[in-house]
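File shown: query04.txt. Contents: compact mmCIF, C-alpha atoms and all ligand atoms.
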```
# COMPACT_ATOMS: atom_id res chain seq x y z
CA MET A 1 1.69 7.77 16.30
CA GLU A 2 4.72 8.87 14.27
CA ALA A 3 5.28 8.06 10.62
CA ARG A 4 8.50 7.79 8.70
CA LEU A 5 8.03 9.07 5.17
CA TYR A 6 10.52 8.23 2.44
CA VAL A 7 10.64 10.83 -0.33
CA ILE A 8 12.74 12.01 -3.24
CA PRO A 9 13.23 15.79 -2.89
CA GLY A 10 10.78 17.64 -5.13
CA SER A 11 8.68 14.50 -5.80
CA HIS A 12 5.05 15.55 -6.35
CA PRO A 13 3.38 12.37 -5.01
CA ALA A 14 5.70 12.57 -1.99
CA ILE A 15 4.48 16.10 -1.37
CA ALA A 16 0.91 14.78 -1.66
CA ALA A 17 1.67 12.27 1.11
CA ARG A 18 3.28 14.94 3.29
CA LEU A 19 0.27 17.24 2.91
CA MET A 20 -2.13 14.44 3.84
CA LEU A 21 -0.09 13.51 6.94
CA GLU A 22 -0.15 17.16 7.96
CA ARG A 23 -3.88 17.40 7.28
CA LYS A 24 -4.45 14.42 9.57
CA GLY A 25 -2.15 15.91 12.21
CA ILE A 26 0.12 12.84 12.19
CA ALA A 27 3.72 13.60 13.09
CA TYR A 28 6.28 12.26 10.64
CA LYS A 29 10.00 12.16 10.00
CA ARG A 30 10.98 12.78 6.40
CA LYS A 31 13.77 10.66 4.92
CA ASP A 32 15.24 11.99 1.69
CA LEU A 33 16.44 9.50 -0.91
CA MET A 34 18.43 10.10 -4.10
CA PRO A 35 16.55 9.39 -7.31
CA VAL A 36 17.38 5.99 -8.85
CA VAL A 37 19.36 4.95 -5.72
CA SER A 38 15.94 5.16 -4.05
CA LYS A 39 14.84 2.03 -5.91
CA LEU A 40 17.38 -0.18 -4.13
CA ALA A 41 17.08 1.70 -0.81
CA LEU A 42 13.31 1.08 -0.71
CA ARG A 43 13.74 -2.64 -1.36
CA VAL A 44 16.39 -2.85 1.38
CA LEU A 45 13.95 -1.06 3.70
CA GLY A 46 11.45 -3.85 3.03
CA PHE A 47 9.01 -2.08 0.72
CA PRO A 48 7.50 -4.18 -2.07
CA GLY A 49 7.87 -1.48 -4.77
CA THR A 50 10.55 0.96 -5.87
CA THR A 51 8.82 4.34 -5.80
CA VAL A 52 8.20 7.14 -3.31
CA PRO A 53 6.20 8.07 -1.34
CA ALA A 54 6.71 5.11 0.98
CA MET A 55 5.69 5.23 4.61
CA LYS A 56 6.37 3.23 7.76
CA LEU A 57 3.74 3.71 10.42
CA ASP A 58 3.12 1.67 13.56
CA GLY A 59 5.25 -1.18 12.18
CA SER A 60 3.45 -1.40 8.83
CA ARG A 61 4.72 -0.34 5.41
CA VAL A 62 2.52 1.49 2.94
CA GLN A 63 3.68 2.58 -0.50
CA GLY A 64 2.02 4.77 -3.11
CA SER A 65 0.24 8.10 -2.68
CA ARG A 66 -3.27 6.63 -3.09
CA GLN A 67 -2.55 3.74 -0.73
CA ILE A 68 -1.17 6.18 1.84
CA ALA A 69 -4.34 8.30 1.56
CA ARG A 70 -6.47 5.24 2.39
CA GLU A 71 -4.25 4.09 5.25
CA LEU A 72 -4.29 7.57 6.82
CA GLU A 73 -8.08 7.67 6.45
CA ARG A 74 -8.37 4.26 8.14
CA LEU A 75 -6.06 5.22 11.01
CA ARG A 76 -7.45 8.69 11.61
CA PRO A 77 -10.86 9.30 9.99
CA GLU A 78 -11.02 13.01 10.90
CA PRO A 79 -10.73 15.29 9.07
CA PRO A 80 -11.89 13.09 6.18
CA LEU A 81 -9.99 12.84 2.89
CA PHE A 82 -13.02 11.31 1.12
CA PRO A 83 -16.67 12.40 1.09
CA ALA A 84 -19.15 10.19 2.95
CA ASP A 85 -21.70 10.33 0.09
CA PRO A 86 -20.96 7.36 -2.27
CA GLU A 87 -21.53 9.33 -5.51
CA GLN A 88 -19.32 12.20 -4.39
CA ARG A 89 -16.70 9.74 -3.20
CA ALA A 90 -16.67 8.02 -6.60
CA ALA A 91 -16.12 11.39 -8.31
CA VAL A 92 -13.26 12.27 -5.95
CA GLU A 93 -11.72 8.83 -6.47
CA GLU A 94 -11.87 9.23 -10.26
CA ALA A 95 -10.14 12.63 -10.05
CA GLU A 96 -7.58 11.12 -7.68
CA ARG A 97 -6.98 8.20 -10.08
CA PHE A 98 -6.51 10.65 -12.96
CA GLY A 99 -4.00 12.62 -10.87
CA ASP A 100 -2.01 9.49 -10.08
CA GLU A 101 -2.25 7.55 -13.34
CA GLU A 102 -2.50 10.29 -15.99
CA LEU A 103 -1.14 13.60 -14.67
CA GLN A 104 1.87 12.63 -12.55
CA ALA A 105 4.00 10.98 -15.24
CA PRO A 106 3.93 13.74 -17.90
CA ILE A 107 4.91 16.36 -15.31
CA ARG A 108 7.71 14.07 -14.09
CA ARG A 109 8.95 13.66 -17.67
CA LEU A 110 9.06 17.43 -18.25
CA LEU A 111 11.33 17.79 -15.22
CA TRP A 112 13.71 14.96 -16.18
CA TRP A 113 13.89 16.21 -19.77
CA GLY A 114 14.83 19.64 -18.39
CA PHE A 115 17.47 18.22 -15.99
CA LYS A 116 18.92 16.15 -18.83
CA HIS A 117 19.54 19.37 -20.77
CA ASP A 118 20.74 21.42 -17.78
CA LYS A 119 21.23 19.85 -14.37
CA LYS A 120 21.89 23.11 -12.49
CA PRO A 121 18.21 23.89 -11.68
CA MET A 122 17.93 20.52 -9.94
CA ALA A 123 19.55 21.90 -6.77
CA SER A 124 16.62 24.29 -6.28
CA TYR A 125 14.22 21.30 -6.02
CA ALA A 126 16.31 19.76 -3.25
CA ALA A 127 16.50 22.85 -1.01
CA GLY A 128 16.64 21.69 2.61
CA ALA A 129 16.97 17.99 1.71
CA LYS A 130 19.31 15.78 3.74
CA MET A 131 20.78 13.21 1.39
CA GLY A 132 24.08 12.49 3.12
CA VAL A 133 26.02 14.62 0.62
CA PRO A 134 25.78 18.37 -0.06
CA VAL A 135 23.03 19.04 -2.60
CA ASN A 136 25.32 20.99 -4.95
CA LEU A 137 27.81 18.12 -4.98
CA ALA A 138 25.05 15.59 -5.61
CA VAL A 139 23.82 17.66 -8.55
CA ALA A 140 27.31 18.37 -9.95
CA THR A 141 28.14 14.65 -10.00
CA GLY A 142 24.61 13.52 -10.78
CA GLY A 143 24.84 13.35 -14.61
CA PRO A 144 24.72 9.52 -14.79
CA LEU A 145 21.81 9.33 -12.32
CA ILE A 146 19.90 11.98 -14.27
CA ALA A 147 20.48 10.08 -17.52
CA MET A 148 19.18 6.88 -15.91
CA ALA A 149 16.15 8.59 -14.34
CA ALA A 150 15.33 10.24 -17.68
CA ARG A 151 15.50 6.82 -19.36
CA PHE A 152 13.38 5.10 -16.67
CA ASN A 153 10.76 7.83 -17.02
CA GLU A 154 10.85 7.90 -20.86
CA ALA A 155 11.74 11.60 -20.75
CA ASP A 156 12.65 11.71 -24.45
CA ASP A 157 11.70 14.26 -27.12
CA GLU A 158 8.82 12.22 -28.48
CA HIS A 159 7.12 11.65 -25.13
CA VAL A 160 7.66 15.22 -23.94
CA ARG A 161 6.24 16.72 -27.15
CA ARG A 162 3.16 14.53 -26.73
CA ASP A 163 2.91 15.48 -23.04
CA LEU A 164 2.95 19.17 -23.91
CA GLU A 165 0.21 18.60 -26.50
CA ALA A 166 -1.92 16.72 -23.95
CA LEU A 167 -1.44 19.18 -21.08
CA PRO A 168 -4.12 21.74 -22.12
CA GLY A 169 -6.79 19.00 -22.15
CA MET A 170 -5.69 17.85 -18.70
CA LEU A 171 -5.87 21.39 -17.32
CA ARG A 172 -9.38 21.79 -18.76
CA ARG A 173 -10.42 18.54 -17.09
CA ILE A 174 -9.13 19.80 -13.72
CA ASP A 175 -10.88 23.17 -14.16
CA ASP A 176 -14.11 21.27 -14.95
CA TRP A 177 -13.77 19.24 -11.74
CA ILE A 178 -13.25 22.47 -9.81
CA ALA A 179 -16.37 23.98 -11.41
CA ALA A 180 -18.33 20.82 -10.50
CA GLY A 181 -17.16 21.01 -6.86
CA VAL A 182 -15.24 17.70 -7.03
CA LEU A 183 -11.99 19.60 -6.44
CA GLY A 184 -11.28 22.85 -4.64
CA GLY A 185 -13.93 22.58 -1.92
CA GLU A 186 -13.54 24.26 1.43
CA GLN A 187 -12.21 21.03 2.96
CA PRO A 188 -9.45 19.63 0.72
CA ASN A 189 -9.92 15.99 -0.26
CA ALA A 190 -7.60 13.21 -1.42
CA ALA A 191 -7.93 14.29 -5.07
CA ASP A 192 -6.99 17.90 -4.21
CA PHE A 193 -3.91 16.56 -2.42
CA GLN A 194 -3.10 14.28 -5.35
CA ILE A 195 -3.53 16.81 -8.17
CA ALA A 196 -2.35 20.12 -6.64
CA PRO A 197 1.28 18.97 -6.16
CA SER A 198 1.51 17.98 -9.85
CA LEU A 199 0.21 21.44 -10.79
CA GLY A 200 2.54 23.06 -8.25
CA LEU A 201 5.52 21.21 -9.70
CA ALA A 202 4.48 22.12 -13.26
CA MET A 203 4.30 25.76 -12.20
CA THR A 204 7.97 25.71 -11.15
CA LEU A 205 8.77 25.49 -14.88
CA ASP A 206 8.96 28.98 -16.38
CA ASP A 207 7.76 27.55 -19.71
CA ILE A 208 4.61 26.02 -18.23
CA ARG A 209 3.56 28.42 -15.44
CA PRO A 210 1.82 30.98 -17.73
CA ALA A 211 -0.56 28.27 -18.98
CA ILE A 212 -1.67 27.41 -15.43
CA GLU A 213 -1.56 30.49 -13.24
CA GLY A 214 -4.56 32.75 -13.59
CA ARG A 215 -6.98 29.85 -14.04
CA PRO A 216 -8.86 27.82 -11.42
CA CYS A 217 -6.35 24.95 -11.43
CA GLY A 218 -3.53 27.44 -10.78
CA ALA A 219 -5.42 28.92 -7.84
CA LEU A 220 -5.98 25.39 -6.47
CA ALA A 221 -2.24 24.66 -6.64
CA LYS A 222 -1.35 27.94 -4.94
CA ARG A 223 -3.84 27.27 -2.15
CA ILE A 224 -2.98 23.61 -1.45
CA VAL A 225 0.76 23.71 -2.04
CA PRO A 226 2.05 27.27 -1.80
CA GLY A 227 5.76 27.75 -2.33
CA TYR A 228 6.48 24.49 -4.17
CA PRO A 229 10.29 24.23 -4.11
CA GLY A 230 12.24 24.54 -7.35
CA LYS A 231 12.59 26.68 -10.44
CA MET A 232 13.41 25.74 -13.99
CA PRO A 233 14.20 28.56 -16.43
CA PRO A 234 12.82 28.43 -20.01
CA THR A 235 13.95 25.09 -21.47
CA PHE A 236 11.69 23.69 -24.18
CA PRO A 237 11.79 24.60 -27.90
CA ALA A 238 9.20 27.31 -28.65
CA ASP A 239 7.29 25.18 -31.17
CA TRP A 240 6.78 22.43 -28.56
CA LEU A 241 5.05 25.00 -26.35
CA ALA A 242 2.62 26.18 -29.04
CA PRO A 243 -0.27 23.98 -27.77
CA LEU A 244 0.03 25.64 -24.34
CA ARG A 245 0.24 29.14 -25.77
CA ALA A 246 -2.98 28.54 -27.73
CA GLU A 247 -4.78 27.87 -24.44
CA PRO A 248 -6.60 30.87 -22.93
CA ALA A 249 -4.73 32.03 -19.81
CA ALA A 250 -7.89 32.30 -17.72
CA ALA A 251 -10.84 29.90 -17.83
N1 LIG B 301 2.16 6.96 -8.91
C1 LIG B 301 2.84 6.42 -7.76
C2 LIG B 301 4.33 6.32 -8.03
C3 LIG B 301 5.12 7.54 -7.72
C4 LIG B 301 6.47 7.64 -8.44
O1 LIG B 301 6.68 7.15 -9.57
N2 LIG B 301 7.40 8.34 -7.77
C5 LIG B 301 8.66 8.67 -8.37
C6 LIG B 301 9.14 10.02 -7.85
S1 LIG B 301 8.02 11.34 -8.33
C7 LIG B 301 9.71 7.64 -7.99
O2 LIG B 301 9.74 7.15 -6.88
N3 LIG B 301 10.61 7.35 -8.92
C8 LIG B 301 11.70 6.46 -8.69
C9 LIG B 301 13.01 7.01 -9.14
O3 LIG B 301 13.06 8.17 -9.58
O4 LIG B 301 13.99 6.30 -9.05
C10 LIG B 301 2.44 7.21 -6.51
O5 LIG B 301 1.70 8.19 -6.61
O6 LIG B 301 2.84 6.81 -5.41
```
As structure tokens, how would this structure be written, given the file I've shared?
Ligand SMILES: N[C@@H](CCC(=O)N[C@@H](CS)C(=O)NCC(=O)O)C(=O)O
Amino acid sequence: MEARLYVIPGSHPAIAARLMLERKGIAYKRKDLMPVVSKLALRVLGFPGTTVPAMKLDGSRVQGSRQIARELERLRPEPPLFPADPEQRAAVEEAERFGDEELQAPIRRLLWWGFKHDKKPMASYAAGAKMGVPVNLAVATGGPLIAMAARFNEADDEHVRRDLEALPGMLRRIDDWIAAGVLGGEQPNAADFQIAPSLGLAMTLDDIRPAIEGRPCGALAKRIVPGYPGKMPPTFPADWLAPLRAEPAAA
């Protein structure tokens, strides 16, 4: 069994899929796609949607981090990504849904807003990627793609200010799940793999890291996805960061 996993370098749900393939011990080949161009490439490859992660495995196509989690669980039940107990499974699935539907997009917007203002840090997120052109060249000529990706992802001032206001509440929710044992157990589950990459990506931003590290959600990210690639120097206006600064560093 060998999978082919289509990713955009630095993509947090793509890292979730990679971690779950590795957890299941399924060999895979990673195919790097350029943001925006990826939309067309995935359609040409026969996927129904336009986002990564997308996976080909044993002739079938599966797209979406949550769908990939379920397909991997079906194909190779051990070690499990979901608890056997129905109540515990429902709690893990709710945390996983939150990670996919509520947490991923704001973190993605912070990155695209940052790249829109300075594209240089983007190269650090693509370290080791094979995109057919040298990463530095792709970044240097990538202004129009970045502008399009920022527009697609609504990475504008209004959204990003709101995202920064909402982030402390999201971090508290994740810490609560860790305290309740839904996340951060000895055996990582699908929600750990969904949420930790978003936290790991957020922690590559110098502006955001202090609000996460030192608390349970920061420890979860460091454990599940150590060494997340990329680094973005301070970027956001100080007053936008006030809601994060008000948050206690350690829960
Ligand atoms: N929430 C979905 C969608 C993931 C998603 O939106 N991925 C982004 C990259 S992080 C993407 O493919 N964007 C398309 C683009 O940038 O052109 C999942 O977890 O699979």
Give one line per residue of chain A that approaches ligand LIG 301 (chain B) to at most 7 Å, naming the two atoms of the closest pair and their distance in Å to one decimal, counting all atoms listed in the file; sort by chain then ascending residue number and deliver it as a Markdown table.
```
| residue | atom | partner | partner_atom | distance |
| --- | --- | --- | --- | --- |
| A:Ile8 | CA | B:LIG301 | C6 | 6.2 |
| A:Ser11 | CA | B:LIG301 | S1 | 4.1 |
| A:His12 | CA | B:LIG301 | S1 | 5.5 |
| A:Pro13 | CA | B:LIG301 | O5 | 4.8 |
| A:Ala14 | CA | B:LIG301 | S1 | 6.9 |
| A:Pro35 | CA | B:LIG301 | O3 | 4.3 |
| A:Val36 | CA | B:LIG301 | O4 | 3.4 |
| A:Val37 | CA | B:LIG301 | O4 | 6.5 |
| A:Ser38 | CA | B:LIG301 | O4 | 5.5 |
| A:Lys39 | CA | B:LIG301 | O4 | 5.4 |
| A:Thr50 | CA | B:LIG301 | C8 | 6.3 |
| A:Thr51 | CA | B:LIG301 | O2 | 3.1 |
| A:Val52 | CA | B:LIG301 | O2 | 3.9 |
| A:Pro53 | CA | B:LIG301 | O6 | 5.4 |
| A:Gln63 | CA | B:LIG301 | O6 | 6.5 |
| A:Gly64 | CA | B:LIG301 | O6 | 3.2 |
| A:Ser65 | CA | B:LIG301 | O6 | 4.0 |
| A:Arg66 | CA | B:LIG301 | O5 | 6.3 |
| A:Asp100 | CA | B:LIG301 | N1 | 5.0 |
| A:Glu101 | CA | B:LIG301 | N1 | 6.3 |
| A:Gln104 | CA | B:LIG301 | N1 | 6.7 |
| A:Arg108 | CA | B:LIG301 | S1 | 6.4 |
| A:Ala149 | CA | B:LIG301 | O3 | 5.7 |
```
Once you count only C-alpha atoms, what closest atom pair and distance in Å to one decimal does each residue of range 142-218 of chain A within 12 Å of range 15-29 of chain A have, with rows by chain and rising residue number, as JSON lines?
```
{"residue": "A:Gln187", "atom": "CA", "partner": "A:Arg23", "partner_atom": "CA", "distance": 10.1}
{"residue": "A:Pro188", "atom": "CA", "partner": "A:Arg23", "partner_atom": "CA", "distance": 8.9}
{"residue": "A:Asn189", "atom": "CA", "partner": "A:Met20", "partner_atom": "CA", "distance": 8.9}
{"residue": "A:Ala190", "atom": "CA", "partner": "A:Met20", "partner_atom": "CA", "distance": 7.7}
{"residue": "A:Ala191", "atom": "CA", "partner": "A:Ala16", "partner_atom": "CA", "distance": 9.5}
{"residue": "A:Asp192", "atom": "CA", "partner": "A:Ala16", "partner_atom": "CA", "distance": 8.9}
{"residue": "A:Phe193", "atom": "CA", "partner": "A:Ala16", "partner_atom": "CA", "distance": 5.2}
{"residue": "A:Gln194", "atom": "CA", "partner": "A:Ala16", "partner_atom": "CA", "distance": 5.5}
{"residue": "A:Ile195", "atom": "CA", "partner": "A:Ala16", "partner_atom": "CA", "distance": 8.1}
{"residue": "A:Ala196", "atom": "CA", "partner": "A:Ala16", "partner_atom": "CA", "distance": 8.0}
{"residue": "A:Pro197", "atom": "CA", "partner": "A:Ala16", "partner_atom": "CA", "distance": 6.2}
{"residue": "A:Ser198", "atom": "CA", "partner": "A:Ala16", "partner_atom": "CA", "distance": 8.8}
{"residue": "A:Leu199", "atom": "CA", "partner": "A:Ala16", "partner_atom": "CA", "distance": 11.3}
{"residue": "A:Gly200", "atom": "CA", "partner": "A:Ile15", "partner_atom": "CA", "distance": 10.0}
{"residue": "A:Leu201", "atom": "CA", "partner": "A:Ile15", "partner_atom": "CA", "distance": 9.8}
```
Centre and edge lengths, as JSON, for the axis-aligned box enclosing every listed atom of range 146-162 of chain A with 4 Å of padding on each of the six sides, in Å to one decimal?
```
{"center_x": 11.8, "center_y": 10.9, "center_z": -21.4, "size_x": 25.3, "size_y": 19.6, "size_z": 22.2}
```
Nearest-residue call for Pro106 in chain A, choices A:Leu75, A:Ala166, A:Leu145, A:Val139, using all atoms listed in the file:
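Of A:Leu75, A:Ala166, A:Leu145, A:Val139, the one nearest Pro106 in chain A, counting all atoms listed in the file, is A:Ala166.
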I'd like to know which of A:Leu205, A:Leu33, A:Ile224, A:Ala219 is closest to Ala126 in chain A, using all atoms listed in the file.
A:Leu33
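Taking CA of Gly218 in chain A and CA of Pro168 in chain A as the two end points, the separation is 12.7 Å.
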Quote the spacing between CA of Phe152 in chain A and CA of Thr235 in chain A in Å to one decimal place.
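These atoms are spaced 20.6 Å apart.
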Can you measure CA of Lys120 in chain A to CA of Met232 in chain A for me? One decimal in Å is fine.
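Between CA of Lys120 in chain A and CA of Met232 in chain A the gap works out to 9.0 Å.
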Give as a PyMOL selection string every residue, naming chains and numbers as the document does, that has an atom within 8 Å of (4.2, 5.4, 3.8), counting all atoms listed in the file.
chain A and resi 3-6+17+53-57+61-64+68
Residue subset to file, keeping C-alpha atoms, as a tab-separated table (two decimals), in the frame of the given file:
```
chain	number	residue	atom	x	y	z
A	3	ALA	CA	5.28	8.06	10.62
A	4	ARG	CA	8.50	7.79	8.70
A	5	LEU	CA	8.03	9.07	5.17
A	6	TYR	CA	10.52	8.23	2.44
A	17	ALA	CA	1.67	12.27	1.11
A	53	PRO	CA	6.20	8.07	-1.34
A	54	ALA	CA	6.71	5.11	0.98
A	55	MET	CA	5.69	5.23	4.61
A	56	LYS	CA	6.37	3.23	7.76
A	57	LEU	CA	3.74	3.71	10.42
A	61	ARG	CA	4.72	-0.34	5.41
A	62	VAL	CA	2.52	1.49	2.94
A	63	GLN	CA	3.68	2.58	-0.50
A	64	GLY	CA	2.02	4.77	-3.11
A	68	ILE	CA	-1.17	6.18	1.84
```
Which one of A:Lys222, A:Arg161, A:Arg215, A:Lys119 sits closest to Gly142 in chain A if you count all atoms listed in the file?
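The shortest atom-to-atom distance to Gly142 in chain A comes from A:Lys119.
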Looking at all atoms listed in the file, which of A:Asp85, A:Asp58, A:Glu154, A:Asp163 is the one that sits closest to Leu103 in chain A?
A:Asp163
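Taking all atoms listed in the file into account, Leu72 in chain A lies nearest to A:Met1 out of the set A:Val135, A:Ala90, A:Met1, A:Ile107.
For the set A:Gly181, A:Gly132, A:Gly143, A:Gly49, the residue with the smallest atom-to-atom gap to Gln88 in chain A is A:Gly181, counting all atoms listed in the file.
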Counting only C-alpha atoms, what is within 10 Å of Trp240 in chain A, bar same-chain residues fewer than 5 positions away, as a list of chain:residue names?
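My list of contacting residues is A:Asp157, A:Val160, A:Arg161, A:Arg162, A:Asp163, A:Leu164, A:Glu165, A:Arg245.
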N, CA and C atoms for range 7-25 of chain A, written as a JSON list (two decimals), in the frame of the given file, could you do that?
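out_38.json written:
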```json
[["chain", "number", "residue", "atom", "x", "y", "z"],
["A", 7, "VAL", "N", 10.96, 9.95, 0.81],
["A", 7, "VAL", "CA", 10.64, 10.83, -0.33],
["A", 7, "VAL", "C", 11.89, 11.00, -1.20],
["A", 8, "ILE", "N", 11.66, 11.47, -2.41],
["A", 8, "ILE", "CA", 12.74, 12.01, -3.24],
["A", 8, "ILE", "C", 12.48, 13.51, -3.25],
["A", 9, "PRO", "N", 13.50, 14.36, -2.96],
["A", 9, "PRO", "CA", 13.23, 15.79, -2.89],
["A", 9, "PRO", "C", 12.54, 16.29, -4.17],
["A", 10, "GLY", "N", 11.49, 17.08, -3.99],
["A", 10, "GLY", "CA", 10.78, 17.64, -5.13],
["A", 10, "GLY", "C", 9.70, 16.72, -5.69],
["A", 11, "SER", "N", 9.66, 15.45, -5.24],
["A", 11, "SER", "CA", 8.68, 14.50, -5.80],
["A", 11, "SER", "C", 7.25, 14.95, -5.50],
["A", 12, "HIS", "N", 6.43, 15.05, -6.54],
["A", 12, "HIS", "CA", 5.05, 15.55, -6.35],
["A", 12, "HIS", "C", 4.17, 14.57, -5.58],
["A", 13, "PRO", "N", 4.20, 13.24, -5.87],
["A", 13, "PRO", "CA", 3.38, 12.37, -5.01],
["A", 13, "PRO", "C", 3.88, 12.32, -3.58],
["A", 14, "ALA", "N", 5.19, 12.54, -3.38],
["A", 14, "ALA", "CA", 5.70, 12.57, -1.99],
["A", 14, "ALA", "C", 5.16, 13.81, -1.28],
["A", 15, "ILE", "N", 5.05, 14.90, -1.99],
["A", 15, "ILE", "CA", 4.48, 16.10, -1.37],
["A", 15, "ILE", "C", 3.00, 15.87, -1.07],
["A", 16, "ALA", "N", 2.32, 15.13, -1.95],
["A", 16, "ALA", "CA", 0.91, 14.78, -1.66],
["A", 16, "ALA", "C", 0.82, 14.03, -0.33],
["A", 17, "ALA", "N", 1.70, 13.06, -0.14],
["A", 17, "ALA", "CA", 1.67, 12.27, 1.11],
["A", 17, "ALA", "C", 1.97, 13.16, 2.32],
["A", 18, "ARG", "N", 2.95, 14.04, 2.17],
["A", 18, "ARG", "CA", 3.28, 14.94, 3.29],
["A", 18, "ARG", "C", 2.08, 15.81, 3.66],
["A", 19, "LEU", "N", 1.43, 16.36, 2.64],
["A", 19, "LEU", "CA", 0.27, 17.24, 2.91],
["A", 19, "LEU", "C", -0.85, 16.47, 3.61],
["A", 20, "MET", "N", -1.04, 15.22, 3.22],
["A", 20, "MET", "CA", -2.13, 14.44, 3.84],
["A", 20, "MET", "C", -1.78, 14.07, 5.29],
["A", 21, "LEU", "N", -0.50, 13.76, 5.54],
["A", 21, "LEU", "CA", -0.09, 13.51, 6.94],
["A", 21, "LEU", "C", -0.33, 14.76, 7.78],
["A", 22, "GLU", "N", 0.03, 15.90, 7.22],
["A", 22, "GLU", "CA", -0.15, 17.16, 7.96],
["A", 22, "GLU", "C", -1.63, 17.45, 8.18],
["A", 23, "ARG", "N", -2.44, 17.18, 7.15],
["A", 23, "ARG", "CA", -3.88, 17.40, 7.28],
["A", 23, "ARG", "C", -4.46, 16.55, 8.40],
["A", 24, "LYS", "N", -3.95, 15.33, 8.53],
["A", 24, "LYS", "CA", -4.45, 14.42, 9.57],
["A", 24, "LYS", "C", -3.81, 14.70, 10.93],
["A", 25, "GLY", "N", -2.82, 15.59, 10.95],
["A", 25, "GLY", "CA", -2.15, 15.91, 12.21],
["A", 25, "GLY", "C", -1.29, 14.76, 12.72]]
```
